[in-house]
file input_26.tsv (TSV, C-alpha atoms)
chain	number	residue	atom	x	y	z
A	14	MET	CA	-128.19	-32.40	43.88
A	15	GLN	CA	-127.72	-33.74	40.31
A	16	ARG	CA	-129.27	-31.44	37.68
A	17	ALA	CA	-130.25	-32.22	34.11
A	18	ALA	CA	-128.57	-29.23	32.52
A	19	ASP	CA	-124.95	-30.22	33.16
A	20	SER	CA	-124.16	-29.99	29.45
A	21	PRO	CA	-124.17	-26.69	27.56
A	22	PRO	CA	-127.53	-25.72	26.08
A	23	PRO	CA	-127.90	-25.80	22.30
A	24	ASP	CA	-126.76	-22.77	20.30
A	25	SER	CA	-130.22	-22.59	18.72
A	26	LEU	CA	-131.76	-21.62	22.06
A	27	ASP	CA	-132.53	-18.04	21.18
A	28	ASP	CA	-135.45	-17.05	23.39
A	29	ILE	CA	-134.32	-15.17	26.49
A	30	PRO	CA	-137.51	-15.71	28.55
A	31	MET	CA	-137.24	-19.43	27.85
A	32	MET	CA	-133.61	-19.42	28.93
A	33	LEU	CA	-134.51	-17.75	32.21
A	34	ARG	CA	-137.25	-20.22	32.96
A	35	LEU	CA	-135.07	-23.22	32.15
A	36	VAL	CA	-132.26	-21.99	34.37
A	37	ARG	CA	-134.50	-21.01	37.29
A	38	GLN	CA	-136.44	-24.26	37.25
A	39	ASN	CA	-133.30	-26.34	36.81
A	40	LEU	CA	-131.68	-24.67	39.82
A	41	GLY	CA	-134.88	-24.79	41.86
A	42	LEU	CA	-134.65	-21.07	42.72
A	43	ASP	CA	-137.35	-18.41	42.95
A	44	VAL	CA	-136.31	-15.64	40.53
A	45	ALA	CA	-134.15	-15.38	37.42
A	46	PHE	CA	-133.58	-12.14	35.56
A	47	ILE	CA	-131.48	-10.24	33.05
A	48	GLY	CA	-130.38	-6.88	34.41
A	49	GLU	CA	-128.99	-4.08	32.26
A	50	PHE	CA	-126.58	-1.45	33.62
A	51	THR	CA	-127.67	1.91	32.25
A	52	GLY	CA	-127.67	5.46	33.54
A	53	GLY	CA	-126.28	4.46	36.93
A	54	ARG	CA	-129.11	1.98	37.52
A	55	ARG	CA	-129.76	-1.73	37.17
A	56	VAL	CA	-132.90	-2.22	35.05
A	57	PHE	CA	-134.78	-5.53	34.96
A	58	ARG	CA	-135.10	-6.31	31.24
A	59	HIS	CA	-136.36	-9.89	31.47
A	60	VAL	CA	-137.74	-11.61	34.58
A	61	ASP	CA	-138.95	-15.13	35.32
A	62	ALA	CA	-140.31	-15.76	38.83
A	63	ALA	CA	-141.99	-18.67	40.53
A	64	ALA	CA	-144.52	-16.26	42.06
A	65	PRO	CA	-145.32	-12.53	41.72
A	66	GLY	CA	-142.96	-10.32	43.67
A	67	PRO	CA	-141.13	-7.02	43.69
A	68	VAL	CA	-138.79	-7.97	40.82
A	69	ARG	CA	-140.68	-6.90	37.69
A	70	GLU	CA	-139.64	-6.14	34.13
A	71	GLY	CA	-138.92	-2.44	33.69
A	72	GLY	CA	-138.22	-1.88	37.38
A	73	SER	CA	-134.86	-0.48	38.43
A	74	ASP	CA	-132.61	0.27	41.40
A	75	PRO	CA	-129.52	2.40	41.98
A	76	LEU	CA	-126.66	0.31	40.64
A	77	GLU	CA	-124.50	0.62	43.75
A	78	GLU	CA	-127.26	-0.92	45.89
A	79	THR	CA	-127.46	-4.14	43.85
A	80	TYR	CA	-125.81	-7.53	44.11
A	81	CYS	CA	-125.22	-7.24	40.33
A	82	ALA	CA	-122.80	-4.33	40.62
A	83	GLN	CA	-121.00	-5.86	43.58
A	84	VAL	CA	-120.49	-9.12	41.67
A	85	VAL	CA	-119.12	-7.37	38.57
A	86	ASP	CA	-116.80	-5.28	40.78
A	87	GLY	CA	-115.55	-8.41	42.53
A	88	GLN	CA	-116.93	-7.37	45.93
A	89	LEU	CA	-119.36	-10.31	46.05
A	90	PRO	CA	-118.70	-13.85	44.80
A	91	GLU	CA	-120.63	-15.04	41.75
A	92	LEU	CA	-121.89	-18.07	43.71
A	93	ILE	CA	-123.46	-17.56	47.16
A	94	PRO	CA	-125.27	-20.67	48.43
A	95	ASP	CA	-126.03	-18.93	51.75
A	96	THR	CA	-126.08	-15.13	52.07
A	97	THR	CA	-126.03	-15.31	55.90
A	98	VAL	CA	-122.33	-16.19	55.83
A	99	VAL	CA	-121.31	-13.28	53.52
A	100	ALA	CA	-120.81	-10.09	55.50
A	101	LEU	CA	-121.35	-7.64	52.62
A	102	ALA	CA	-124.54	-9.40	51.57
A	103	GLN	CA	-125.87	-9.10	55.13
A	104	ARG	CA	-125.20	-5.36	55.16
A	105	MET	CA	-127.16	-4.75	51.95
A	106	PRO	CA	-130.85	-3.78	52.49
A	107	VAL	CA	-131.96	-5.74	49.43
A	108	THR	CA	-131.00	-9.00	51.15
A	109	ARG	CA	-133.83	-8.48	53.65
A	110	GLU	CA	-136.27	-6.70	51.33
A	111	LEU	CA	-136.61	-9.42	48.71
A	112	PRO	CA	-135.35	-11.52	50.63
A	113	VAL	CA	-132.21	-13.09	49.15
A	114	GLY	CA	-131.08	-16.34	50.77
A	115	SER	CA	-129.03	-17.79	47.91
A	116	HIS	CA	-127.66	-16.09	44.82
A	117	LEU	CA	-125.84	-16.73	41.53
A	118	SER	CA	-124.83	-13.96	39.16
A	119	VAL	CA	-122.48	-13.66	36.18
A	120	PRO	CA	-121.65	-10.70	33.93
A	121	ILE	CA	-123.07	-10.51	30.40
A	122	ARG	CA	-120.16	-9.36	28.28
A	123	LEU	CA	-120.78	-8.25	24.71
A	124	SER	CA	-118.41	-8.84	21.79
A	125	ASN	CA	-116.89	-5.36	22.20
A	126	GLY	CA	-115.92	-6.18	25.80
A	127	MET	CA	-118.62	-3.99	27.35
A	128	VAL	CA	-120.52	-5.36	30.35
A	129	TYR	CA	-124.19	-5.14	29.38
A	130	GLY	CA	-125.35	-6.28	32.80
A	131	THR	CA	-125.81	-9.60	34.57
A	132	PHE	CA	-127.64	-12.91	34.38
A	133	CYS	CA	-128.89	-13.52	37.94
A	134	CYS	CA	-130.80	-16.16	39.87
A	135	PHE	CA	-131.70	-16.11	43.54
A	136	GLY	CA	-133.74	-18.01	46.06
A	137	HIS	CA	-135.47	-16.66	49.13
A	138	ALA	CA	-133.82	-19.35	51.29
A	139	PRO	CA	-130.23	-20.64	51.43
A	140	ASP	CA	-129.48	-23.56	49.09
A	141	HIS	CA	-126.26	-25.38	49.98
A	142	SER	CA	-126.63	-27.72	46.99
A	143	LEU	CA	-125.59	-24.93	44.60
A	144	ASN	CA	-122.11	-25.58	43.26
A	145	ALA	CA	-119.50	-24.67	40.65
A	146	ARG	CA	-121.25	-26.78	38.00
A	147	ASP	CA	-124.36	-24.65	38.38
A	148	LEU	CA	-122.28	-21.53	38.01
A	149	ALA	CA	-120.70	-22.91	34.82
A	150	MET	CA	-124.16	-23.57	33.43
A	151	LEU	CA	-125.17	-20.00	34.22
A	152	ARG	CA	-122.09	-18.67	32.42
A	153	THR	CA	-123.01	-20.71	29.34
A	154	PHE	CA	-126.49	-19.25	29.25
A	155	ALA	CA	-125.09	-15.76	29.86
A	156	GLY	CA	-122.90	-16.25	26.77
A	157	LEU	CA	-125.95	-17.15	24.69
A	158	VAL	CA	-127.79	-14.10	26.00
A	159	ALA	CA	-124.80	-11.93	25.08
A	160	GLN	CA	-124.89	-13.27	21.52
A	161	ARG	CA	-128.60	-12.50	21.26
A	162	ILE	CA	-128.14	-8.97	22.65
A	163	ASP	CA	-125.22	-8.41	20.29
A	164	ARG	CA	-127.40	-9.31	17.32
A	165	ASP	CA	-130.25	-7.11	18.55
A	166	LEU	CA	-127.91	-4.16	19.11
A	167	GLN	CA	-126.35	-4.62	15.67
A	168	ALA	CA	-129.80	-4.75	14.08
A	169	GLU	CA	-130.85	-1.61	15.97
A	170	SER	CA	-127.63	0.09	14.92
A	171	LEU	CA	-128.34	-0.73	11.27
A	172	LEU	CA	-131.93	0.44	11.65
A	173	SER	CA	-130.73	3.67	13.23
A	174	ALA	CA	-128.28	4.21	10.36
A	175	ARG	CA	-131.07	3.69	7.83
A	176	ARG	CA	-133.34	6.06	9.72
A	177	GLN	CA	-130.65	8.75	9.80
A	178	ARG	CA	-129.83	8.29	6.09
A	179	ILE	CA	-133.47	8.80	5.12
A	180	ARG	CA	-133.78	11.74	7.51
A	181	ARG	CA	-130.79	13.42	5.86
A	182	LEU	CA	-132.36	12.83	2.46
A	183	LEU	CA	-135.68	14.34	3.53
A	184	ASP	CA	-134.01	17.30	5.23
A	185	ALA	CA	-132.11	17.96	1.99
A	186	GLY	CA	-135.34	18.06	-0.02
A	187	GLY	CA	-136.05	14.41	-0.77
A	188	PRO	CA	-135.72	12.28	-3.89
A	189	VAL	CA	-135.24	13.82	-7.33
A	190	PRO	CA	-138.03	13.10	-9.84
A	191	VAL	CA	-137.42	11.72	-13.31
A	192	PHE	CA	-140.13	11.16	-15.91
A	193	GLN	CA	-140.70	8.27	-18.29
A	194	PRO	CA	-143.00	9.12	-21.20
A	195	VAL	CA	-146.19	7.18	-21.90
A	196	PHE	CA	-147.40	6.97	-25.51
A	197	LEU	CA	-150.74	6.16	-27.07
A	198	LEU	CA	-150.51	3.22	-29.47
A	199	ASP	CA	-152.34	5.24	-32.10
A	200	GLY	CA	-149.54	7.19	-33.77
A	201	LEU	CA	-147.24	6.91	-30.74
A	202	VAL	CA	-148.50	10.27	-29.55
A	203	PRO	CA	-147.21	11.25	-26.07
A	204	ALA	CA	-149.98	11.00	-23.47
A	205	GLY	CA	-147.87	12.11	-20.52
A	206	ALA	CA	-145.42	10.46	-18.18
A	207	GLU	CA	-144.91	8.43	-15.04
A	208	ALA	CA	-142.92	10.11	-12.26
A	209	LEU	CA	-140.18	7.98	-10.72
A	210	ALA	CA	-137.93	8.76	-7.75
A	211	ARG	CA	-134.16	8.81	-7.97
A	212	PHE	CA	-131.49	9.23	-5.32
A	213	PRO	CA	-128.43	10.77	-7.00
A	214	ASP	CA	-126.40	11.07	-3.79
A	215	ASP	CA	-126.32	7.26	-3.55
A	216	PRO	CA	-127.02	6.00	-7.08
A	217	HIS	CA	-125.80	2.46	-6.41
A	218	ARG	CA	-128.55	1.71	-3.87
A	219	ALA	CA	-131.68	0.37	-5.52
A	220	VAL	CA	-134.71	2.67	-5.44
A	221	GLU	CA	-136.76	-0.16	-3.91
A	222	THR	CA	-134.25	-0.36	-1.06
A	223	TRP	CA	-134.84	3.29	-0.12
A	224	PHE	CA	-138.57	2.74	0.13
A	225	SER	CA	-138.28	-0.59	1.96
A	226	ASP	CA	-135.87	1.00	4.45
A	227	ALA	CA	-138.33	3.84	4.94
A	228	ALA	CA	-141.09	1.33	5.67
A	229	GLU	CA	-138.91	-0.41	8.28
A	230	THR	CA	-138.01	2.86	9.99
A	231	GLY	CA	-141.49	4.38	10.06
A	232	GLN	CA	-140.71	6.98	7.37
A	233	GLN	CA	-142.50	5.40	4.42
A	234	ILE	CA	-145.40	7.84	4.19
A	235	GLU	CA	-143.17	10.90	4.55
A	236	LEU	CA	-140.80	9.65	1.84
A	237	GLU	CA	-143.61	8.75	-0.57
A	238	HIS	CA	-145.39	12.05	-0.04
A	239	ARG	CA	-142.17	13.98	-0.56
A	240	ALA	CA	-141.44	12.07	-3.78
A	241	ILE	CA	-144.95	12.86	-5.08
A	242	ALA	CA	-144.75	16.53	-4.05
A	243	ASN	CA	-141.39	16.96	-5.78
A	244	ALA	CA	-142.71	15.37	-8.97
A	245	LEU	CA	-145.84	17.55	-8.98
A	246	ASP	CA	-143.81	20.72	-8.39
A	247	ALA	CA	-141.49	19.93	-11.29
A	248	TYR	CA	-144.32	18.90	-13.64
A	249	GLY	CA	-146.05	22.25	-13.27
A	250	ALA	CA	-143.84	23.57	-16.07
A	251	VAL	CA	-145.13	20.81	-18.39
A	252	TRP	CA	-148.79	21.48	-17.57
A	253	ALA	CA	-148.26	25.14	-18.39
A	254	ARG	CA	-147.60	24.15	-22.03
A	255	HIS	CA	-149.12	20.69	-22.60
A	256	ARG	CA	-152.39	19.02	-21.72
A	257	VAL	CA	-150.90	15.69	-20.65
A	258	GLN	CA	-151.23	13.34	-17.70
A	259	LEU	CA	-148.83	12.48	-14.89
A	260	GLY	CA	-148.78	9.14	-13.08
A	261	VAL	CA	-147.55	9.13	-9.47
A	262	ASN	CA	-146.85	5.97	-7.50
A	263	ALA	CA	-148.48	5.60	-4.09
A	264	SER	CA	-148.84	2.70	-1.68
A	265	PRO	CA	-152.14	2.15	0.18
A	266	ALA	CA	-150.47	3.45	3.36
A	267	ALA	CA	-149.57	6.72	1.62
A	268	ILE	CA	-153.08	7.06	0.17
A	269	LEU	CA	-154.76	6.41	3.53
A	270	ASP	CA	-152.76	9.14	5.25
A	271	PRO	CA	-154.94	12.24	5.87
A	272	GLY	CA	-152.36	14.51	4.21
A	273	PHE	CA	-152.47	12.68	0.86
A	274	PRO	CA	-155.29	14.68	-0.85
A	275	GLN	CA	-153.60	17.99	-0.03
A	276	LEU	CA	-150.62	17.05	-2.19
A	277	PHE	CA	-152.76	17.68	-5.28
A	278	ASP	CA	-154.48	20.93	-4.28
A	279	ALA	CA	-152.51	23.05	-6.77
A	280	CYS	CA	-152.65	20.52	-9.63
A	281	PRO	CA	-155.09	19.90	-12.51
A	282	ALA	CA	-156.82	16.89	-10.97
A	283	ASP	CA	-158.11	15.53	-14.29
A	284	ARG	CA	-154.50	15.03	-15.42
A	285	ILE	CA	-153.41	12.97	-12.41
A	286	VAL	CA	-153.16	9.18	-12.38
A	287	ILE	CA	-152.60	7.56	-8.98
A	288	GLU	CA	-150.70	4.34	-9.59
A	289	LEU	CA	-151.41	1.89	-6.80
A	290	THR	CA	-148.19	0.10	-5.85
A	291	GLU	CA	-148.45	-2.73	-3.37
A	292	HIS	CA	-147.13	-6.28	-3.48
A	293	GLU	CA	-148.55	-7.40	-0.17
A	294	ARG	CA	-152.01	-8.33	0.94
A	295	ILE	CA	-154.44	-5.51	1.75
A	296	ASP	CA	-156.97	-6.44	4.41
A	297	ASP	CA	-159.18	-3.34	4.28
A	298	TYR	CA	-160.11	-2.39	0.74
A	299	GLY	CA	-163.11	-0.53	2.13
A	300	ALA	CA	-160.88	2.08	3.74
A	301	LEU	CA	-158.73	2.35	0.61
A	302	ASN	CA	-161.74	2.87	-1.65
A	303	ALA	CA	-163.15	5.43	0.78
A	304	ALA	CA	-159.89	7.38	0.52
A	305	LEU	CA	-159.87	7.16	-3.29
A	306	THR	CA	-163.52	8.15	-3.82
A	307	PRO	CA	-163.11	11.90	-3.18
A	308	LEU	CA	-159.98	11.95	-5.33
A	309	ARG	CA	-161.86	10.33	-8.18
A	310	ALA	CA	-164.65	12.85	-7.68
A	311	ARG	CA	-162.06	15.56	-8.35
A	312	GLY	CA	-161.26	13.93	-11.70
A	313	MET	CA	-158.21	11.84	-10.81
A	314	ARG	CA	-157.89	8.36	-12.25
A	315	VAL	CA	-156.59	5.23	-10.53
A	316	ALA	CA	-154.21	2.69	-12.06
A	317	VAL	CA	-153.09	-0.68	-10.75
A	318	ASP	CA	-149.40	-1.23	-11.38
A	319	ASP	CA	-147.55	-4.46	-12.21
A	320	VAL	CA	-150.64	-6.39	-13.30
A	321	GLY	CA	-149.78	-10.00	-13.94
A	322	ALA	CA	-146.74	-9.99	-11.66
A	323	GLY	CA	-148.59	-11.69	-8.79
A	324	TYR	CA	-151.83	-12.35	-6.98
A	325	ALA	CA	-151.91	-8.98	-5.23
A	326	SER	CA	-152.36	-6.90	-8.40
A	327	MET	CA	-155.35	-9.00	-9.50
A	328	SER	CA	-156.92	-8.59	-6.07
A	329	HIS	CA	-156.45	-4.82	-6.41
A	330	ILE	CA	-158.27	-4.82	-9.75
A	331	VAL	CA	-161.28	-6.67	-8.41
A	332	ALA	CA	-161.51	-4.58	-5.25
A	333	VAL	CA	-160.53	-1.11	-6.51
A	334	ARG	CA	-162.03	-1.20	-10.04
A	335	PRO	CA	-159.26	0.93	-11.56
A	336	ASP	CA	-159.50	3.13	-14.62
A	337	ILE	CA	-156.14	1.88	-15.92
A	338	ILE	CA	-154.26	-1.39	-15.62
A	339	LYS	CA	-150.53	-1.53	-16.35
A	340	LEU	CA	-149.25	-4.81	-17.75
A	341	ASP	CA	-146.08	-5.80	-15.90
A	342	ARG	CA	-142.81	-5.90	-17.81
A	343	SER	CA	-142.49	-9.62	-16.98
A	344	ILE	CA	-145.43	-10.26	-19.35
A	345	VAL	CA	-144.28	-7.83	-22.05
A	346	ARG	CA	-140.71	-9.17	-22.12
A	347	GLN	CA	-140.25	-11.37	-25.25
A	348	LEU	CA	-144.00	-11.24	-25.81
A	349	ASP	CA	-143.45	-11.72	-29.58
A	350	ARG	CA	-141.50	-14.96	-29.00
A	351	ASP	CA	-143.38	-16.60	-26.15
A	352	PRO	CA	-146.88	-17.97	-26.89
A	353	MET	CA	-147.72	-18.30	-23.17
A	354	ARG	CA	-146.89	-14.66	-22.48
A	355	GLU	CA	-148.91	-13.66	-25.52
A	356	ALA	CA	-151.87	-15.74	-24.32
A	357	LEU	CA	-151.70	-14.14	-20.86
A	358	ALA	CA	-151.42	-10.63	-22.30
A	359	THR	CA	-154.36	-11.35	-24.60
A	360	ALA	CA	-156.48	-12.56	-21.70
A	361	LEU	CA	-155.62	-9.58	-19.50
A	362	ASN	CA	-156.26	-7.17	-22.37
A	363	GLY	CA	-159.65	-8.77	-23.04
A	364	PHE	CA	-160.49	-8.67	-19.34
A	365	ALA	CA	-159.60	-4.98	-19.19
A	366	ARG	CA	-161.77	-4.16	-22.21
A	367	GLN	CA	-164.73	-5.95	-20.64
A	368	CYS	CA	-164.21	-3.92	-17.45
A	369	GLY	CA	-163.81	-0.63	-19.31
A	370	CYS	CA	-160.17	-0.21	-18.28
A	371	THR	CA	-157.42	1.38	-20.34
A	372	VAL	CA	-154.36	-0.87	-20.75
A	373	VAL	CA	-150.80	0.45	-20.55
A	374	ALA	CA	-148.02	-2.02	-21.41
A	375	GLU	CA	-144.83	-1.39	-19.40
A	376	GLY	CA	-141.28	-2.45	-20.21
A	377	VAL	CA	-141.46	-2.27	-24.03
A	378	GLU	CA	-137.85	-2.73	-25.11
A	379	THR	CA	-137.82	-4.25	-28.60
A	380	PRO	CA	-139.56	-3.61	-31.94
A	381	GLY	CA	-140.90	-7.16	-31.78
A	382	GLU	CA	-142.61	-6.52	-28.45
A	383	LEU	CA	-144.04	-3.26	-29.82
A	384	ALA	CA	-145.42	-5.07	-32.88
A	385	ALA	CA	-147.00	-7.77	-30.72
A	386	LEU	CA	-148.67	-5.17	-28.50
A	387	ALA	CA	-149.95	-3.40	-31.60
A	388	ARG	CA	-151.59	-6.66	-32.70
A	389	LEU	CA	-153.25	-6.88	-29.29
A	390	GLU	CA	-154.37	-3.24	-29.66
A	391	VAL	CA	-153.41	-2.15	-26.16
A	392	GLN	CA	-154.13	1.53	-25.75
A	393	ALA	CA	-150.81	2.84	-24.40
A	394	LEU	CA	-147.13	1.94	-24.11
A	395	GLN	CA	-144.14	2.69	-21.93
A	396	GLY	CA	-140.57	1.39	-22.01
A	397	PHE	CA	-136.94	1.94	-22.94
A	398	LEU	CA	-137.62	1.48	-26.65
A	399	LEU	CA	-139.85	4.55	-26.55
A	400	GLY	CA	-138.21	6.65	-23.86
A	401	ARG	CA	-136.16	6.14	-20.73
A	402	PRO	CA	-136.81	7.81	-17.36
A	403	ASP	CA	-134.98	11.11	-17.60
A	404	ARG	CA	-134.89	14.77	-16.64
A	405	LEU	CA	-137.88	16.99	-17.25
A	406	GLU	CA	-136.10	18.75	-20.13
A	407	VAL	CA	-135.82	15.45	-22.03
A	408	LEU	CA	-139.52	14.75	-21.56
A	409	GLU	CA	-140.40	18.24	-22.79
A	410	GLU	CA	-138.35	17.65	-25.94
A	411	THR	CA	-140.37	14.44	-26.55
A	412	LEU	CA	-143.60	16.38	-26.08
A	413	ARG	CA	-142.48	19.12	-28.49
A	414	ARG	CA	-141.44	16.49	-31.04
A	415	GLY	CA	-144.80	14.75	-30.68
A	416	GLY	CA	-143.41	11.24	-30.38
A	417	PRO	CA	-140.34	9.07	-29.64
A	418	ALA	CA	-137.14	9.79	-31.51
A	419	ASP	CA	-136.34	7.69	-34.61
A	420	LEU	CA	-139.22	5.26	-34.15
A	421	ALA	CA	-142.12	4.89	-36.55
A	422	PRO	CA	-145.57	4.02	-35.23
A	423	PRO	CA	-146.30	0.29	-35.49
A	424	ALA	CA	-148.66	-1.05	-38.11
A	425	ARG	CA	-152.19	-1.37	-36.75
A	426	ALA	CA	-153.91	-4.72	-36.71
A	427	ALA	CA	-156.18	-5.40	-39.67
A	428	SER	CA	-159.82	-4.88	-38.80
call {"tool": "encode", "arguments": {"input": "input_26.tsv", "output": "structure tokens"}}
result
Amino acid sequence: MQRAADSPPPDSLDDIPMMLRLVRQNLGLDVAFIGEFTGGRRVFRHVDAAAPGPVREGGSDPLEETYCAQVVDGQLPELIPDTTVVALAQRMPVTRELPVGSHLSVPIRLSNGMVYGTFCCFGHAPDHSLNARDLAMLRTFAGLVAQRIDRDLQAESLLSARRQRIRRLLDAGGPVPVFQPVFLLDGLVPAGAEALARFPDDPHRAVETWFSDAAETGQQIELEHRAIANALDAYGAVWARHRVQLGVNASPAAILDPGFPQLFDACPADRIVIELTEHERIDDYGALNAALTPLRARGMRVAVDDVGAGYASMSHIVAVRPDIIKLDRSIVRQLDRDPMREALATALNGFARQCGCTVVAEGVETPGELAALARLEVQALQGFLLGRPDRLEVLEETLRRGGPADLAPPARAAS
């Protein structure tokens, strides 16, 4: 019987269920499956069958009772057009139970040489048209399956490594907080700080990478809550001496978690700013607002971070109605030399005033940017020019001094 799949399948064929169906239909057999050898059993990981039967995904059998094991051990041939002429096959109970009249099976070998399992096809009746060409085709598909499994195992190994790295961090106490001061434009008086997380044991990994890894491994909420708790614990010393605010970053997922309000039980609620950080679409603002309402009732304020950096932040403003909007550093950068940035900042500042929001400009790094923001009369400022994220002791020195070091307040716009 001439079959269409004499040539190797394309390398882009990456869907295992599709592979099984193509092979089974091309060979005209009844069942095709991928079996994994694990724990002394053969487990059906993927199955394609012409009709429902006893071979189902997730099912398993003792390995020694399977054709798969006998093929890998060399006790059964990989190609059996007719099981009635193979003595070992006739002695195996599975031959009658399924039944198996014809059978092809090849090992799936991974890149490390390990046999993952087998790629198998069988028919309920003998099929004397099966030949070496069909077996070669099956080997080609088995090679593609091995490549796919290799990639999946490597991805899972990387995911496991990330999960363990974050677990070690959490077990050791979690991220270390640093604090970047926030200043009122009027006199550059310190208004408080924003808490930021740092990971000193691995300082070369970006902070965003830690949180994105945590999201992928299901540890996002725990990591965010721990970062907030650590910042609040450290900031207690500041609140004992200064009546200033603290901004803490929280994603919608962290806010929606039932344990979120308890993080602030021992804190002066009227000095907390919850900075909403999210760059992806939020489908249920109703639930988010419901979670924020009791926190606002306690006196906490809500800020939307990175305003102007993308569509998401503007959606947050409309839906959440924040008390504070924070202009993204991408708008503030070279604001004094870029008329388009200045026009956008002016529009956002005017919008905020109409909505009754306080405006904080982030990423202020040059005297020119500071002067431009003073002309716009934004209410508050934050950036390297004024103060870098640093240890709590450095922030306390700024608070004692009453302003940034060696920097005069900018001239106010003429009224």
call {"tool": "residues_around", "arguments": {"input": "input_26.tsv", "residues": "A:Arg161", "least_positions_apart": "2", "cutoff": "10 Å", "atoms": "only C-alpha atoms", "output": "ChimeraX atom specification"}}
result
/A:26-29,123,155-159,163-167
call {"tool": "residues_around", "arguments": {"input": "input_26.tsv", "residues": "A:His329", "least_positions_apart": "2", "cutoff": "12 Å", "atoms": "all atoms listed in the file", "output": "PyMOL selection string"}}
result
chain A and resi 264-265+288-299+301-302+315-321+323-327+331-338
call {"tool": "atom_distance", "arguments": {"input": "input_26.tsv", "atom1": "atom CA of A:Gly72", "atom2": "atom CA of A:Cys133"}}
result
14.9 Å
call {"tool": "closest_residue", "arguments": {"input": "input_26.tsv", "among": "A:Phe273, A:Phe132, A:Phe57, A:Phe154", "to": "A:Ile234", "atoms": "only C-alpha atoms"}}
result
A:Phe273
call {"tool": "residues_around", "arguments": {"input": "input_26.tsv", "residues": "A:Arg55", "least_positions_apart": "5", "cutoff": "10 Å", "atoms": "all atoms listed in the file", "output": "list in words"}}
result
Ile47, Gly48, Glu49, Phe50, Gly71, Gly72, Ser73, Asp74, Pro75, Leu76, Glu77, Glu78, Thr79, Tyr80, Cys81, Ala82, Gly130 and Thr131 of chain A
call {"tool": "closest_residue", "arguments": {"input": "input_26.tsv", "among": "A:Val195, A:Met313, A:Val407, A:Leu389", "to": "A:Val373", "atoms": "all atoms listed in the file"}}
result
A:Val195
call {"tool": "atom_distance", "arguments": {"input": "input_26.tsv", "atom1": "atom CA of A:Ala279", "atom2": "atom CA of A:Ser225"}}
result
28.9 Å
call {"tool": "residues_near_point", "arguments": {"input": "input_26.tsv", "point": "(-164.9, 0.0, -20.9)", "cutoff": "12 Å", "atoms": "all atoms listed in the file", "output": "compact mmCIF listing (two decimals) with C-alpha atoms, in the coordinates of the input"}}
result
# COMPACT_ATOMS: atom_id res chain seq x y z
CA ARG A 334 -162.03 -1.20 -10.04
CA PRO A 335 -159.26 0.93 -11.56
CA ASP A 336 -159.50 3.13 -14.62
CA ILE A 337 -156.14 1.88 -15.92
CA ILE A 338 -154.26 -1.39 -15.62
CA ASN A 362 -156.26 -7.17 -22.37
CA GLY A 363 -159.65 -8.77 -23.04
CA PHE A 364 -160.49 -8.67 -19.34
CA ALA A 365 -159.60 -4.98 -19.19
CA ARG A 366 -161.77 -4.16 -22.21
CA GLN A 367 -164.73 -5.95 -20.64
CA CYS A 368 -164.21 -3.92 -17.45
CA GLY A 369 -163.81 -0.63 -19.31
CA CYS A 370 -160.17 -0.21 -18.28
CA THR A 371 -157.42 1.38 -20.34
CA VAL A 372 -154.36 -0.87 -20.75
CA GLN A 392 -154.13 1.53 -25.75
call {"tool": "decode", "arguments": {"input": "input_26.tsv", "residues": "stretch 147-167 of chain A", "atoms": "C-alpha atoms", "output": "compact mmCIF listing (two decimals), in the first residue's frame"}}
result
# COMPACT_ATOMS: atom_id res chain seq x y z
CA ASP A 147 6.19 2.90 7.63
CA LEU A 148 8.56 2.17 10.47
CA ALA A 149 10.99 4.82 9.18
CA MET A 150 8.17 7.34 9.11
CA LEU A 151 7.29 6.47 12.70
CA ARG A 152 10.92 6.98 13.76
CA THR A 153 10.90 10.42 12.15
CA PHE A 154 7.81 11.45 14.06
CA ALA A 155 9.25 9.98 17.26
CA GLY A 156 12.30 12.22 16.76
CA LEU A 157 10.07 15.28 16.47
CA VAL A 158 8.19 14.26 19.60
CA ALA A 159 11.51 13.86 21.43
CA GLN A 160 12.51 17.41 20.43
CA ARG A 161 9.20 18.76 21.71
CA ILE A 162 9.49 16.86 25.01
CA ASP A 163 13.09 18.04 25.39
CA ARG A 164 11.96 21.65 25.05
CA ASP A 165 9.10 21.14 27.49
CA LEU A 166 11.37 19.48 30.04
CA GLN A 167 13.96 22.25 29.69
